file target.cif (mmCIF, N, CA and C atoms)
data_run
#
loop_
_atom_site.label_atom_id
_atom_site.label_comp_id
_atom_site.auth_asym_id
_atom_site.auth_seq_id
_atom_site.Cartn_x
_atom_site.Cartn_y
_atom_site.Cartn_z
N MET A 1110 17.82 0.05 -0.43
CA MET A 1110 17.01 1.01 0.30
C MET A 1110 15.69 1.21 -0.46
N ASN A 1111 14.61 1.38 0.28
CA ASN A 1111 13.33 1.63 -0.39
C ASN A 1111 12.89 3.08 -0.20
N LEU A 1112 11.79 3.42 -0.80
CA LEU A 1112 11.33 4.80 -0.85
C LEU A 1112 10.92 5.36 0.51
N THR A 1113 10.52 4.50 1.44
CA THR A 1113 10.12 4.99 2.75
C THR A 1113 11.30 5.55 3.53
N ASN A 1114 12.51 5.16 3.18
CA ASN A 1114 13.72 5.65 3.86
C ASN A 1114 14.39 6.81 3.13
N ALA A 1115 13.83 7.25 2.04
CA ALA A 1115 14.45 8.30 1.22
C ALA A 1115 14.35 9.67 1.88
N GLN A 1116 15.34 10.51 1.62
CA GLN A 1116 15.32 11.89 2.11
C GLN A 1116 14.40 12.73 1.23
N GLU A 1117 13.71 13.64 1.85
CA GLU A 1117 12.83 14.55 1.11
C GLU A 1117 13.66 15.50 0.25
N GLY A 1118 13.23 15.69 -0.99
CA GLY A 1118 13.87 16.64 -1.88
C GLY A 1118 15.06 16.11 -2.66
N LYS A 1119 15.50 14.91 -2.36
CA LYS A 1119 16.65 14.33 -3.06
C LYS A 1119 16.16 13.41 -4.17
N GLU A 1120 16.78 13.53 -5.35
CA GLU A 1120 16.39 12.69 -6.49
C GLU A 1120 17.12 11.35 -6.42
N TYR A 1121 16.38 10.28 -6.64
CA TYR A 1121 16.92 8.93 -6.66
C TYR A 1121 16.57 8.27 -7.99
N ILE A 1122 17.27 7.22 -8.31
CA ILE A 1122 16.98 6.40 -9.49
C ILE A 1122 16.34 5.11 -9.01
N ILE A 1123 15.22 4.74 -9.60
CA ILE A 1123 14.53 3.50 -9.23
C ILE A 1123 15.36 2.32 -9.72
N ARG A 1124 15.75 1.46 -8.81
CA ARG A 1124 16.54 0.27 -9.15
C ARG A 1124 15.64 -0.86 -9.63
N ARG A 1125 14.55 -1.11 -8.87
CA ARG A 1125 13.58 -2.13 -9.28
C ARG A 1125 12.32 -2.00 -8.43
N ILE A 1126 11.28 -2.64 -8.92
CA ILE A 1126 10.01 -2.72 -8.20
C ILE A 1126 9.90 -4.14 -7.67
N GLU A 1127 9.73 -4.28 -6.38
CA GLU A 1127 9.72 -5.60 -5.75
C GLU A 1127 8.31 -5.91 -5.25
N THR A 1128 7.52 -6.54 -6.10
CA THR A 1128 6.16 -6.94 -5.74
C THR A 1128 5.76 -8.19 -6.50
N ASP A 1129 4.92 -9.00 -5.87
CA ASP A 1129 4.40 -10.21 -6.51
C ASP A 1129 3.06 -9.96 -7.18
N ASP A 1130 2.46 -8.80 -6.90
CA ASP A 1130 1.15 -8.45 -7.43
C ASP A 1130 1.29 -7.77 -8.79
N GLU A 1131 0.78 -8.41 -9.83
CA GLU A 1131 0.90 -7.86 -11.19
C GLU A 1131 0.11 -6.57 -11.35
N GLU A 1132 -1.02 -6.44 -10.64
CA GLU A 1132 -1.82 -5.21 -10.72
C GLU A 1132 -1.05 -4.02 -10.15
N VAL A 1133 -0.37 -4.22 -9.04
CA VAL A 1133 0.43 -3.15 -8.45
C VAL A 1133 1.56 -2.78 -9.39
N ASP A 1134 2.20 -3.76 -9.96
CA ASP A 1134 3.29 -3.52 -10.91
C ASP A 1134 2.79 -2.73 -12.12
N ALA A 1135 1.64 -3.10 -12.65
CA ALA A 1135 1.06 -2.39 -13.80
C ALA A 1135 0.64 -0.97 -13.42
N PHE A 1136 0.12 -0.79 -12.21
CA PHE A 1136 -0.28 0.53 -11.74
C PHE A 1136 0.94 1.46 -11.64
N LEU A 1137 2.01 0.96 -11.03
CA LEU A 1137 3.22 1.78 -10.91
C LEU A 1137 3.81 2.10 -12.27
N PHE A 1138 3.77 1.15 -13.18
CA PHE A 1138 4.27 1.38 -14.53
C PHE A 1138 3.46 2.47 -15.22
N SER A 1139 2.14 2.48 -15.00
CA SER A 1139 1.29 3.51 -15.62
C SER A 1139 1.59 4.91 -15.08
N LEU A 1140 2.13 4.98 -13.86
CA LEU A 1140 2.54 6.27 -13.30
C LEU A 1140 3.90 6.72 -13.82
N GLY A 1141 4.61 5.81 -14.47
CA GLY A 1141 5.96 6.12 -14.94
C GLY A 1141 7.02 5.67 -13.97
N CYS A 1142 6.63 4.80 -13.07
CA CYS A 1142 7.52 4.31 -12.02
C CYS A 1142 8.06 2.94 -12.41
N TYR A 1143 9.27 2.92 -12.99
CA TYR A 1143 9.91 1.68 -13.40
C TYR A 1143 11.42 1.85 -13.34
N SER A 1144 12.15 0.77 -13.48
CA SER A 1144 13.62 0.78 -13.34
C SER A 1144 14.27 1.82 -14.24
N GLY A 1145 15.21 2.56 -13.66
CA GLY A 1145 15.97 3.54 -14.42
C GLY A 1145 15.37 4.94 -14.39
N GLU A 1146 14.14 5.10 -13.90
CA GLU A 1146 13.48 6.41 -13.85
C GLU A 1146 13.88 7.17 -12.60
N PRO A 1147 14.08 8.47 -12.71
CA PRO A 1147 14.32 9.28 -11.50
C PRO A 1147 13.03 9.48 -10.73
N ILE A 1148 13.14 9.53 -9.40
CA ILE A 1148 12.00 9.75 -8.52
C ILE A 1148 12.46 10.61 -7.34
N THR A 1149 11.61 11.50 -6.90
CA THR A 1149 11.92 12.38 -5.78
C THR A 1149 10.80 12.30 -4.75
N VAL A 1150 11.17 12.15 -3.47
CA VAL A 1150 10.17 12.19 -2.40
C VAL A 1150 9.97 13.66 -2.04
N VAL A 1151 8.77 14.16 -2.25
CA VAL A 1151 8.46 15.55 -1.94
C VAL A 1151 8.23 15.71 -0.44
N SER A 1152 7.46 14.79 0.15
CA SER A 1152 7.25 14.83 1.60
C SER A 1152 6.79 13.47 2.10
N HIS A 1153 7.10 13.22 3.39
CA HIS A 1153 6.63 12.02 4.08
C HIS A 1153 5.45 12.42 4.94
N LEU A 1154 4.36 11.70 4.82
CA LEU A 1154 3.18 11.93 5.64
C LEU A 1154 3.04 10.78 6.64
N LYS A 1155 1.98 10.77 7.42
CA LYS A 1155 1.82 9.75 8.47
C LYS A 1155 1.83 8.33 7.91
N ASN A 1156 0.96 8.05 6.94
CA ASN A 1156 0.86 6.70 6.38
C ASN A 1156 1.15 6.65 4.90
N SER A 1157 1.76 7.69 4.36
CA SER A 1157 2.03 7.74 2.93
C SER A 1157 3.15 8.73 2.64
N CYS A 1158 3.48 8.86 1.38
CA CYS A 1158 4.45 9.87 0.98
C CYS A 1158 4.06 10.43 -0.39
N VAL A 1159 4.46 11.66 -0.61
CA VAL A 1159 4.20 12.32 -1.88
C VAL A 1159 5.47 12.22 -2.70
N VAL A 1160 5.35 11.71 -3.92
CA VAL A 1160 6.51 11.54 -4.79
C VAL A 1160 6.32 12.30 -6.09
N SER A 1161 7.42 12.66 -6.69
CA SER A 1161 7.40 13.31 -7.99
C SER A 1161 8.05 12.36 -8.99
N ILE A 1162 7.27 11.99 -10.01
CA ILE A 1162 7.76 11.12 -11.08
C ILE A 1162 7.46 11.82 -12.38
N LYS A 1163 8.49 12.03 -13.19
CA LYS A 1163 8.34 12.77 -14.44
C LYS A 1163 7.72 14.13 -14.15
N ASP A 1164 6.55 14.44 -14.74
CA ASP A 1164 5.92 15.74 -14.51
C ASP A 1164 4.76 15.68 -13.53
N GLY A 1165 4.59 14.57 -12.82
CA GLY A 1165 3.45 14.43 -11.93
C GLY A 1165 3.86 14.23 -10.48
N ARG A 1166 2.92 14.55 -9.59
CA ARG A 1166 3.09 14.29 -8.16
C ARG A 1166 2.00 13.32 -7.74
N TYR A 1167 2.39 12.32 -6.95
CA TYR A 1167 1.46 11.28 -6.54
C TYR A 1167 1.61 11.01 -5.05
N ASN A 1168 0.49 10.72 -4.41
CA ASN A 1168 0.49 10.32 -3.01
C ASN A 1168 0.35 8.80 -2.98
N ILE A 1169 1.37 8.12 -2.49
CA ILE A 1169 1.33 6.65 -2.42
C ILE A 1169 1.48 6.21 -0.97
N ASP A 1170 0.83 5.12 -0.61
CA ASP A 1170 0.90 4.65 0.77
C ASP A 1170 2.27 4.01 1.05
N ASN A 1171 2.56 3.83 2.34
CA ASN A 1171 3.88 3.33 2.73
C ASN A 1171 4.12 1.90 2.25
N GLN A 1172 3.09 1.09 2.16
CA GLN A 1172 3.26 -0.28 1.67
C GLN A 1172 3.71 -0.28 0.21
N LEU A 1173 3.12 0.57 -0.58
CA LEU A 1173 3.50 0.70 -1.98
C LEU A 1173 4.91 1.30 -2.10
N ALA A 1174 5.19 2.29 -1.27
CA ALA A 1174 6.51 2.94 -1.28
C ALA A 1174 7.61 1.95 -0.89
N ALA A 1175 7.29 1.01 -0.01
CA ALA A 1175 8.28 0.01 0.42
C ALA A 1175 8.66 -0.94 -0.71
N SER A 1176 7.80 -1.09 -1.70
CA SER A 1176 8.10 -1.99 -2.81
C SER A 1176 8.94 -1.33 -3.90
N ILE A 1177 9.18 -0.02 -3.79
CA ILE A 1177 10.00 0.70 -4.77
C ILE A 1177 11.41 0.82 -4.22
N LEU A 1178 12.34 0.11 -4.81
CA LEU A 1178 13.72 0.10 -4.35
C LEU A 1178 14.54 1.13 -5.13
N ILE A 1179 15.31 1.92 -4.38
CA ILE A 1179 16.11 2.98 -4.99
C ILE A 1179 17.57 2.76 -4.70
#

call {"tool": "encode", "arguments": {"input": "target.cif", "output": "structure tokens"}}
result
Amino acid sequence: MNLTNAQEGKEYIIRRIETDDEEVDAFLFSLGCYSGEPITVVSHLKNSCVVSIKDGRYNIDNQLAASILI
């Protein structure tokens, strides 16, 4: 299951990041988004979702959210 299908307010553990783009992978890593980290979807918006990772909240688009497997 990926992040676009996650329930709002429920904490999940990131299983893996599925992308061929090294820049996207490095960007997600800089946010603290990598395997084994807890992540929570705060809300789903029209073309994006707000997630909570560690102590930060980030708005990521649905394409990026689809590459985060939980």

call {"tool": "closest_residue", "arguments": {"input": "target.cif", "among": "A:Ile1122, A:Val1151, A:Leu1178, A:Ala1135", "to": "A:Gly1165", "atoms": "only C-alpha atoms"}}
result
A:Val1151

call {"tool": "residues_around", "arguments": {"input": "target.cif", "residues": "A:Thr1113", "least_positions_apart": "4", "cutoff": "6.5 Å", "atoms": "all atoms listed in the file", "output": "JSON, numbers by chain"}}
result
{"A": [1171, 1174, 1175]}

call {"tool": "resolve_selection", "arguments": {"input": "target.cif", "expression": "the PyMOL selection byres (((chain A and resi 1176 and name CA) around 12) and name CA)", "output": "PDB file with N, CA and C atoms, in the coordinates of the input"}}
result
ATOM      1  N   MET A1110      17.820   0.050  -0.430  1.00  0.00           N
ATOM      2  CA  MET A1110      17.010   1.010   0.300  1.00  0.00           C
ATOM      3  C   MET A1110      15.690   1.210  -0.460  1.00  0.00           C
ATOM      4  N   ASN A1111      14.610   1.380   0.280  1.00  0.00           N
ATOM      5  CA  ASN A1111      13.330   1.630  -0.390  1.00  0.00           C
ATOM      6  C   ASN A1111      12.890   3.080  -0.200  1.00  0.00           C
ATOM      7  N   LEU A1112      11.790   3.420  -0.800  1.00  0.00           N
ATOM      8  CA  LEU A1112      11.330   4.800  -0.850  1.00  0.00           C
ATOM      9  C   LEU A1112      10.920   5.360   0.510  1.00  0.00           C
ATOM     10  N   THR A1113      10.520   4.500   1.440  1.00  0.00           N
ATOM     11  CA  THR A1113      10.120   4.990   2.750  1.00  0.00           C
ATOM     12  C   THR A1113      11.300   5.550   3.530  1.00  0.00           C
ATOM     13  N   ASN A1114      12.510   5.160   3.180  1.00  0.00           N
ATOM     14  CA  ASN A1114      13.720   5.650   3.860  1.00  0.00           C
ATOM     15  C   ASN A1114      14.390   6.810   3.130  1.00  0.00           C
ATOM     16  N   ILE A1123      15.220   4.740  -9.600  1.00  0.00           N
ATOM     17  CA  ILE A1123      14.530   3.500  -9.230  1.00  0.00           C
ATOM     18  C   ILE A1123      15.360   2.320  -9.720  1.00  0.00           C
ATOM     19  N   ARG A1124      15.750   1.460  -8.810  1.00  0.00           N
ATOM     20  CA  ARG A1124      16.540   0.270  -9.150  1.00  0.00           C
ATOM     21  C   ARG A1124      15.640  -0.860  -9.630  1.00  0.00           C
ATOM     22  N   ARG A1125      14.550  -1.110  -8.870  1.00  0.00           N
ATOM     23  CA  ARG A1125      13.580  -2.130  -9.280  1.00  0.00           C
ATOM     24  C   ARG A1125      12.320  -2.000  -8.430  1.00  0.00           C
ATOM     25  N   ILE A1126      11.280  -2.640  -8.920  1.00  0.00           N
ATOM     26  CA  ILE A1126      10.010  -2.720  -8.200  1.00  0.00           C
ATOM     27  C   ILE A1126       9.900  -4.140  -7.670  1.00  0.00           C
ATOM     28  N   GLU A1127       9.730  -4.280  -6.380  1.00  0.00           N
ATOM     29  CA  GLU A1127       9.720  -5.600  -5.750  1.00  0.00           C
ATOM     30  C   GLU A1127       8.310  -5.910  -5.250  1.00  0.00           C
ATOM     31  N   THR A1128       7.520  -6.540  -6.100  1.00  0.00           N
ATOM     32  CA  THR A1128       6.160  -6.940  -5.740  1.00  0.00           C
ATOM     33  C   THR A1128       5.760  -8.190  -6.500  1.00  0.00           C
ATOM     34  N   ASP A1129       4.920  -9.000  -5.870  1.00  0.00           N
ATOM     35  CA  ASP A1129       4.400 -10.210  -6.510  1.00  0.00           C
ATOM     36  C   ASP A1129       3.060  -9.960  -7.180  1.00  0.00           C
ATOM     37  N   ASP A1130       2.460  -8.800  -6.900  1.00  0.00           N
ATOM     38  CA  ASP A1130       1.150  -8.450  -7.430  1.00  0.00           C
ATOM     39  C   ASP A1130       1.290  -7.770  -8.790  1.00  0.00           C
ATOM     40  N   VAL A1133      -0.370  -4.220  -9.040  1.00  0.00           N
ATOM     41  CA  VAL A1133       0.430  -3.150  -8.450  1.00  0.00           C
ATOM     42  C   VAL A1133       1.560  -2.780  -9.390  1.00  0.00           C
ATOM     43  N   ASP A1134       2.200  -3.760  -9.960  1.00  0.00           N
ATOM     44  CA  ASP A1134       3.290  -3.520 -10.910  1.00  0.00           C
ATOM     45  C   ASP A1134       2.790  -2.730 -12.120  1.00  0.00           C
ATOM     46  N   LEU A1137       2.010   0.960 -11.030  1.00  0.00           N
ATOM     47  CA  LEU A1137       3.220   1.780 -10.910  1.00  0.00           C
ATOM     48  C   LEU A1137       3.810   2.100 -12.270  1.00  0.00           C
ATOM     49  N   CYS A1142       6.630   4.800 -13.070  1.00  0.00           N
ATOM     50  CA  CYS A1142       7.520   4.310 -12.020  1.00  0.00           C
ATOM     51  C   CYS A1142       8.060   2.940 -12.410  1.00  0.00           C
ATOM     52  N   TYR A1143       9.270   2.920 -12.990  1.00  0.00           N
ATOM     53  CA  TYR A1143       9.910   1.680 -13.400  1.00  0.00           C
ATOM     54  C   TYR A1143      11.420   1.850 -13.340  1.00  0.00           C
ATOM     55  N   ILE A1169       1.370   8.120  -2.490  1.00  0.00           N
ATOM     56  CA  ILE A1169       1.330   6.650  -2.420  1.00  0.00           C
ATOM     57  C   ILE A1169       1.480   6.210  -0.970  1.00  0.00           C
ATOM     58  N   ASP A1170       0.830   5.120  -0.610  1.00  0.00           N
ATOM     59  CA  ASP A1170       0.900   4.650   0.770  1.00  0.00           C
ATOM     60  C   ASP A1170       2.270   4.010   1.050  1.00  0.00           C
ATOM     61  N   ASN A1171       2.560   3.830   2.340  1.00  0.00           N
ATOM     62  CA  ASN A1171       3.880   3.330   2.730  1.00  0.00           C
ATOM     63  C   ASN A1171       4.120   1.900   2.250  1.00  0.00           C
ATOM     64  N   GLN A1172       3.090   1.090   2.160  1.00  0.00           N
ATOM     65  CA  GLN A1172       3.260  -0.280   1.670  1.00  0.00           C
ATOM     66  C   GLN A1172       3.710  -0.280   0.210  1.00  0.00           C
ATOM     67  N   LEU A1173       3.120   0.570  -0.580  1.00  0.00           N
ATOM     68  CA  LEU A1173       3.500   0.700  -1.980  1.00  0.00           C
ATOM     69  C   LEU A1173       4.910   1.300  -2.100  1.00  0.00           C
ATOM     70  N   ALA A1174       5.190   2.290  -1.270  1.00  0.00           N
ATOM     71  CA  ALA A1174       6.510   2.940  -1.280  1.00  0.00           C
ATOM     72  C   ALA A1174       7.610   1.950  -0.890  1.00  0.00           C
ATOM     73  N   ALA A1175       7.290   1.010  -0.010  1.00  0.00           N
ATOM     74  CA  ALA A1175       8.280   0.010   0.420  1.00  0.00           C
ATOM     75  C   ALA A1175       8.660  -0.940  -0.710  1.00  0.00           C
ATOM     76  N   ILE A1177       9.180  -0.020  -3.790  1.00  0.00           N
ATOM     77  CA  ILE A1177      10.000   0.700  -4.770  1.00  0.00           C
ATOM     78  C   ILE A1177      11.410   0.820  -4.220  1.00  0.00           C
ATOM     79  N   LEU A1178      12.340   0.110  -4.810  1.00  0.00           N
ATOM     80  CA  LEU A1178      13.720   0.100  -4.350  1.00  0.00           C
ATOM     81  C   LEU A1178      14.540   1.130  -5.130  1.00  0.00           C
ATOM     82  N   ILE A1179      15.310   1.920  -4.380  1.00  0.00           N
ATOM     83  CA  ILE A1179      16.110   2.980  -4.990  1.00  0.00           C
ATOM     84  C   ILE A1179      17.570   2.760  -4.700  1.00  0.00           C
TER      85      ILE A1179
END

call {"tool": "select_by_dssp", "arguments": {"input": "target.cif", "residues": "stretch 1137-1179 of chain A", "states": "strand (DSSP E)", "output": "list in words"}}
result
Pro1147, Ile1148, Thr1149, Val1150, Val1151, Ser1152, His1153, Ser1157, Cys1158, Val1159, Val1160, Ser1161, Ile1162, Gly1165, Arg1166, Tyr1167, Asn1168, Ile1169, Asp1170, Ile1177 and Leu1178 of chain A

call {"tool": "closest_residue", "arguments": {"input": "target.cif", "among": "A:Ala1115, A:Ser1139, A:Glu1131, A:Glu1146", "to": "A:Cys1158", "atoms": "only C-alpha atoms"}}
result
A:Ala1115

call {"tool": "closest_residue", "arguments": {"input": "target.cif", "among": "A:Ser1157, A:Lys1163, A:Ser1152, A:Glu1117", "to": "A:Leu1140", "atoms": "all atoms listed in the file"}}
result
A:Lys1163

call {"tool": "residues_around", "arguments": {"input": "target.cif", "residues": "A:Lys1119", "least_positions_apart": "4", "cutoff": "6 Å", "atoms": "all atoms listed in the file", "output": "ChimeraX atom specification"}}
result
/A:1148-1150

call {"tool": "decode", "arguments": {"input": "target.cif", "residues": "stretch 1114-1126 of chain A", "atoms": "all heavy atoms", "output": "PDB file, in the first residue's frame"}}
result
ATOM      1  N   ASN A1114      -3.186   5.953  -0.266  1.00  0.00           N
ATOM      2  CA  ASN A1114      -4.301   5.141   0.240  1.00  0.00           C
ATOM      3  C   ASN A1114      -4.380   5.110   1.760  1.00  0.00           C
ATOM      4  O   ASN A1114      -5.238   4.442   2.319  1.00  0.00           O
ATOM      5  CB  ASN A1114      -4.164   3.695  -0.266  1.00  0.00           C
ATOM      6  CG  ASN A1114      -4.136   3.622  -1.768  1.00  0.00           C
ATOM      7  OD1 ASN A1114      -4.788   4.393  -2.447  1.00  0.00           O
ATOM      8  ND2 ASN A1114      -3.354   2.706  -2.301  1.00  0.00           N
ATOM      9  N   ALA A1115      -3.505   5.814   2.435  1.00  0.00           N
ATOM     10  CA  ALA A1115      -3.437   5.781   3.898  1.00  0.00           C
ATOM     11  C   ALA A1115      -4.601   6.539   4.527  1.00  0.00           C
ATOM     12  O   ALA A1115      -5.104   7.511   3.971  1.00  0.00           O
ATOM     13  CB  ALA A1115      -2.123   6.384   4.373  1.00  0.00           C
ATOM     14  N   GLN A1116      -5.014   6.082   5.704  1.00  0.00           N
ATOM     15  CA  GLN A1116      -6.056   6.770   6.474  1.00  0.00           C
ATOM     16  C   GLN A1116      -5.455   7.978   7.175  1.00  0.00           C
ATOM     17  O   GLN A1116      -4.326   7.920   7.656  1.00  0.00           O
ATOM     18  CB  GLN A1116      -6.640   5.840   7.534  1.00  0.00           C
ATOM     19  CG  GLN A1116      -7.437   4.696   7.004  1.00  0.00           C
ATOM     20  CD  GLN A1116      -7.960   3.809   8.127  1.00  0.00           C
ATOM     21  OE1 GLN A1116      -7.684   4.043   9.296  1.00  0.00           O
ATOM     22  NE2 GLN A1116      -8.708   2.791   7.766  1.00  0.00           N
ATOM     23  N   GLU A1117      -6.224   9.035   7.241  1.00  0.00           N
ATOM     24  CA  GLU A1117      -5.774  10.238   7.942  1.00  0.00           C
ATOM     25  C   GLU A1117      -5.691   9.973   9.442  1.00  0.00           C
ATOM     26  O   GLU A1117      -6.561   9.335  10.013  1.00  0.00           O
ATOM     27  CB  GLU A1117      -6.734  11.398   7.684  1.00  0.00           C
ATOM     28  CG  GLU A1117      -6.726  11.879   6.258  1.00  0.00           C
ATOM     29  CD  GLU A1117      -7.694  13.010   6.026  1.00  0.00           C
ATOM     30  OE1 GLU A1117      -8.327  13.489   6.991  1.00  0.00           O
ATOM     31  OE2 GLU A1117      -7.825  13.429   4.860  1.00  0.00           O
ATOM     32  N   GLY A1118      -4.612  10.441  10.057  1.00  0.00           N
ATOM     33  CA  GLY A1118      -4.448  10.342  11.496  1.00  0.00           C
ATOM     34  C   GLY A1118      -3.846   9.041  11.999  1.00  0.00           C
ATOM     35  O   GLY A1118      -3.534   8.921  13.172  1.00  0.00           O
ATOM     36  N   LYS A1119      -3.670   8.073  11.130  1.00  0.00           N
ATOM     37  CA  LYS A1119      -3.103   6.785  11.538  1.00  0.00           C
ATOM     38  C   LYS A1119      -1.608   6.759  11.233  1.00  0.00           C
ATOM     39  O   LYS A1119      -1.176   7.173  10.161  1.00  0.00           O
ATOM     40  CB  LYS A1119      -3.808   5.648  10.798  1.00  0.00           C
ATOM     41  CG  LYS A1119      -3.377   4.277  11.251  1.00  0.00           C
ATOM     42  CD  LYS A1119      -4.179   3.189  10.575  1.00  0.00           C
ATOM     43  CE  LYS A1119      -3.680   1.826  11.019  1.00  0.00           C
ATOM     44  NZ  LYS A1119      -4.351   0.741  10.294  1.00  0.00           N
ATOM     45  N   GLU A1120      -0.819   6.273  12.193  1.00  0.00           N
ATOM     46  CA  GLU A1120       0.630   6.200  12.000  1.00  0.00           C
ATOM     47  C   GLU A1120       1.000   4.913  11.272  1.00  0.00           C
ATOM     48  O   GLU A1120       0.515   3.843  11.609  1.00  0.00           O
ATOM     49  CB  GLU A1120       1.349   6.272  13.341  1.00  0.00           C
ATOM     50  CG  GLU A1120       2.859   6.318  13.201  1.00  0.00           C
ATOM     51  CD  GLU A1120       3.555   6.520  14.530  1.00  0.00           C
ATOM     52  OE1 GLU A1120       3.815   5.507  15.198  1.00  0.00           O
ATOM     53  OE2 GLU A1120       3.821   7.672  14.885  1.00  0.00           O
ATOM     54  N   TYR A1121       1.861   5.033  10.285  1.00  0.00           N
ATOM     55  CA  TYR A1121       2.357   3.901   9.507  1.00  0.00           C
ATOM     56  C   TYR A1121       3.882   3.884   9.564  1.00  0.00           C
ATOM     57  O   TYR A1121       4.509   4.885   9.873  1.00  0.00           O
ATOM     58  CB  TYR A1121       1.932   4.029   8.032  1.00  0.00           C
ATOM     59  CG  TYR A1121       0.442   3.958   7.807  1.00  0.00           C
ATOM     60  CD1 TYR A1121      -0.324   5.111   7.775  1.00  0.00           C
ATOM     61  CD2 TYR A1121      -0.186   2.742   7.623  1.00  0.00           C
ATOM     62  CE1 TYR A1121      -1.695   5.051   7.567  1.00  0.00           C
ATOM     63  CE2 TYR A1121      -1.553   2.665   7.406  1.00  0.00           C
ATOM     64  CZ  TYR A1121      -2.302   3.829   7.382  1.00  0.00           C
ATOM     65  OH  TYR A1121      -3.658   3.758   7.179  1.00  0.00           O
ATOM     66  N   ILE A1122       4.452   2.756   9.240  1.00  0.00           N
ATOM     67  CA  ILE A1122       5.905   2.615   9.126  1.00  0.00           C
ATOM     68  C   ILE A1122       6.245   2.540   7.642  1.00  0.00           C
ATOM     69  O   ILE A1122       5.632   1.774   6.900  1.00  0.00           O
ATOM     70  CB  ILE A1122       6.415   1.339   9.846  1.00  0.00           C
ATOM     71  CG1 ILE A1122       6.035   1.359  11.322  1.00  0.00           C
ATOM     72  CG2 ILE A1122       7.925   1.184   9.667  1.00  0.00           C
ATOM     73  CD1 ILE A1122       6.676   2.482  12.119  1.00  0.00           C
ATOM     74  N   ILE A1123       7.208   3.342   7.221  1.00  0.00           N
ATOM     75  CA  ILE A1123       7.631   3.339   5.821  1.00  0.00           C
ATOM     76  C   ILE A1123       8.372   2.036   5.535  1.00  0.00           C
ATOM     77  O   ILE A1123       9.339   1.704   6.210  1.00  0.00           O
ATOM     78  CB  ILE A1123       8.538   4.548   5.515  1.00  0.00           C
ATOM     79  CG1 ILE A1123       7.777   5.841   5.766  1.00  0.00           C
ATOM     80  CG2 ILE A1123       9.063   4.474   4.084  1.00  0.00           C
ATOM     81  CD1 ILE A1123       8.640   7.083   5.696  1.00  0.00           C
ATOM     82  N   ARG A1124       7.890   1.281   4.579  1.00  0.00           N
ATOM     83  CA  ARG A1124       8.519   0.007   4.195  1.00  0.00           C
ATOM     84  C   ARG A1124       9.679   0.247   3.229  1.00  0.00           C
ATOM     85  O   ARG A1124      10.740  -0.315   3.377  1.00  0.00           O
ATOM     86  CB  ARG A1124       7.503  -0.936   3.551  1.00  0.00           C
ATOM     87  CG  ARG A1124       6.365  -1.317   4.465  1.00  0.00           C
ATOM     88  CD  ARG A1124       6.855  -2.201   5.582  1.00  0.00           C
ATOM     89  NE  ARG A1124       5.753  -2.458   6.509  1.00  0.00           N
ATOM     90  CZ  ARG A1124       5.872  -2.576   7.813  1.00  0.00           C
ATOM     91  NH1 ARG A1124       7.060  -2.455   8.371  1.00  0.00           N
ATOM     92  NH2 ARG A1124       4.847  -2.801   8.568  1.00  0.00           N
ATOM     93  N   ARG A1125       9.415   1.085   2.195  1.00  0.00           N
ATOM     94  CA  ARG A1125      10.477   1.427   1.249  1.00  0.00           C
ATOM     95  C   ARG A1125      10.020   2.597   0.383  1.00  0.00           C
ATOM     96  O   ARG A1125       8.851   2.920   0.312  1.00  0.00           O
ATOM     97  CB  ARG A1125      10.882   0.233   0.403  1.00  0.00           C
ATOM     98  CG  ARG A1125       9.882  -0.215  -0.624  1.00  0.00           C
ATOM     99  CD  ARG A1125      10.431  -1.396  -1.436  1.00  0.00           C
ATOM    100  NE  ARG A1125       9.529  -1.759  -2.492  1.00  0.00           N
ATOM    101  CZ  ARG A1125       8.553  -2.648  -2.381  1.00  0.00           C
ATOM    102  NH1 ARG A1125       8.358  -3.280  -1.244  1.00  0.00           N
ATOM    103  NH2 ARG A1125       7.765  -2.920  -3.402  1.00  0.00           N
ATOM    104  N   ILE A1126      10.996   3.192  -0.273  1.00  0.00           N
ATOM    105  CA  ILE A1126      10.748   4.264  -1.234  1.00  0.00           C
ATOM    106  C   ILE A1126      10.970   3.675  -2.614  1.00  0.00           C
ATOM    107  O   ILE A1126      12.035   3.133  -2.900  1.00  0.00           O
ATOM    108  CB  ILE A1126      11.707   5.457  -1.012  1.00  0.00           C
ATOM    109  CG1 ILE A1126      11.651   5.960   0.423  1.00  0.00           C
ATOM    110  CG2 ILE A1126      11.402   6.572  -2.005  1.00  0.00           C
ATOM    111  CD1 ILE A1126      10.322   6.494   0.871  1.00  0.00           C
TER     112      ILE A1126
END
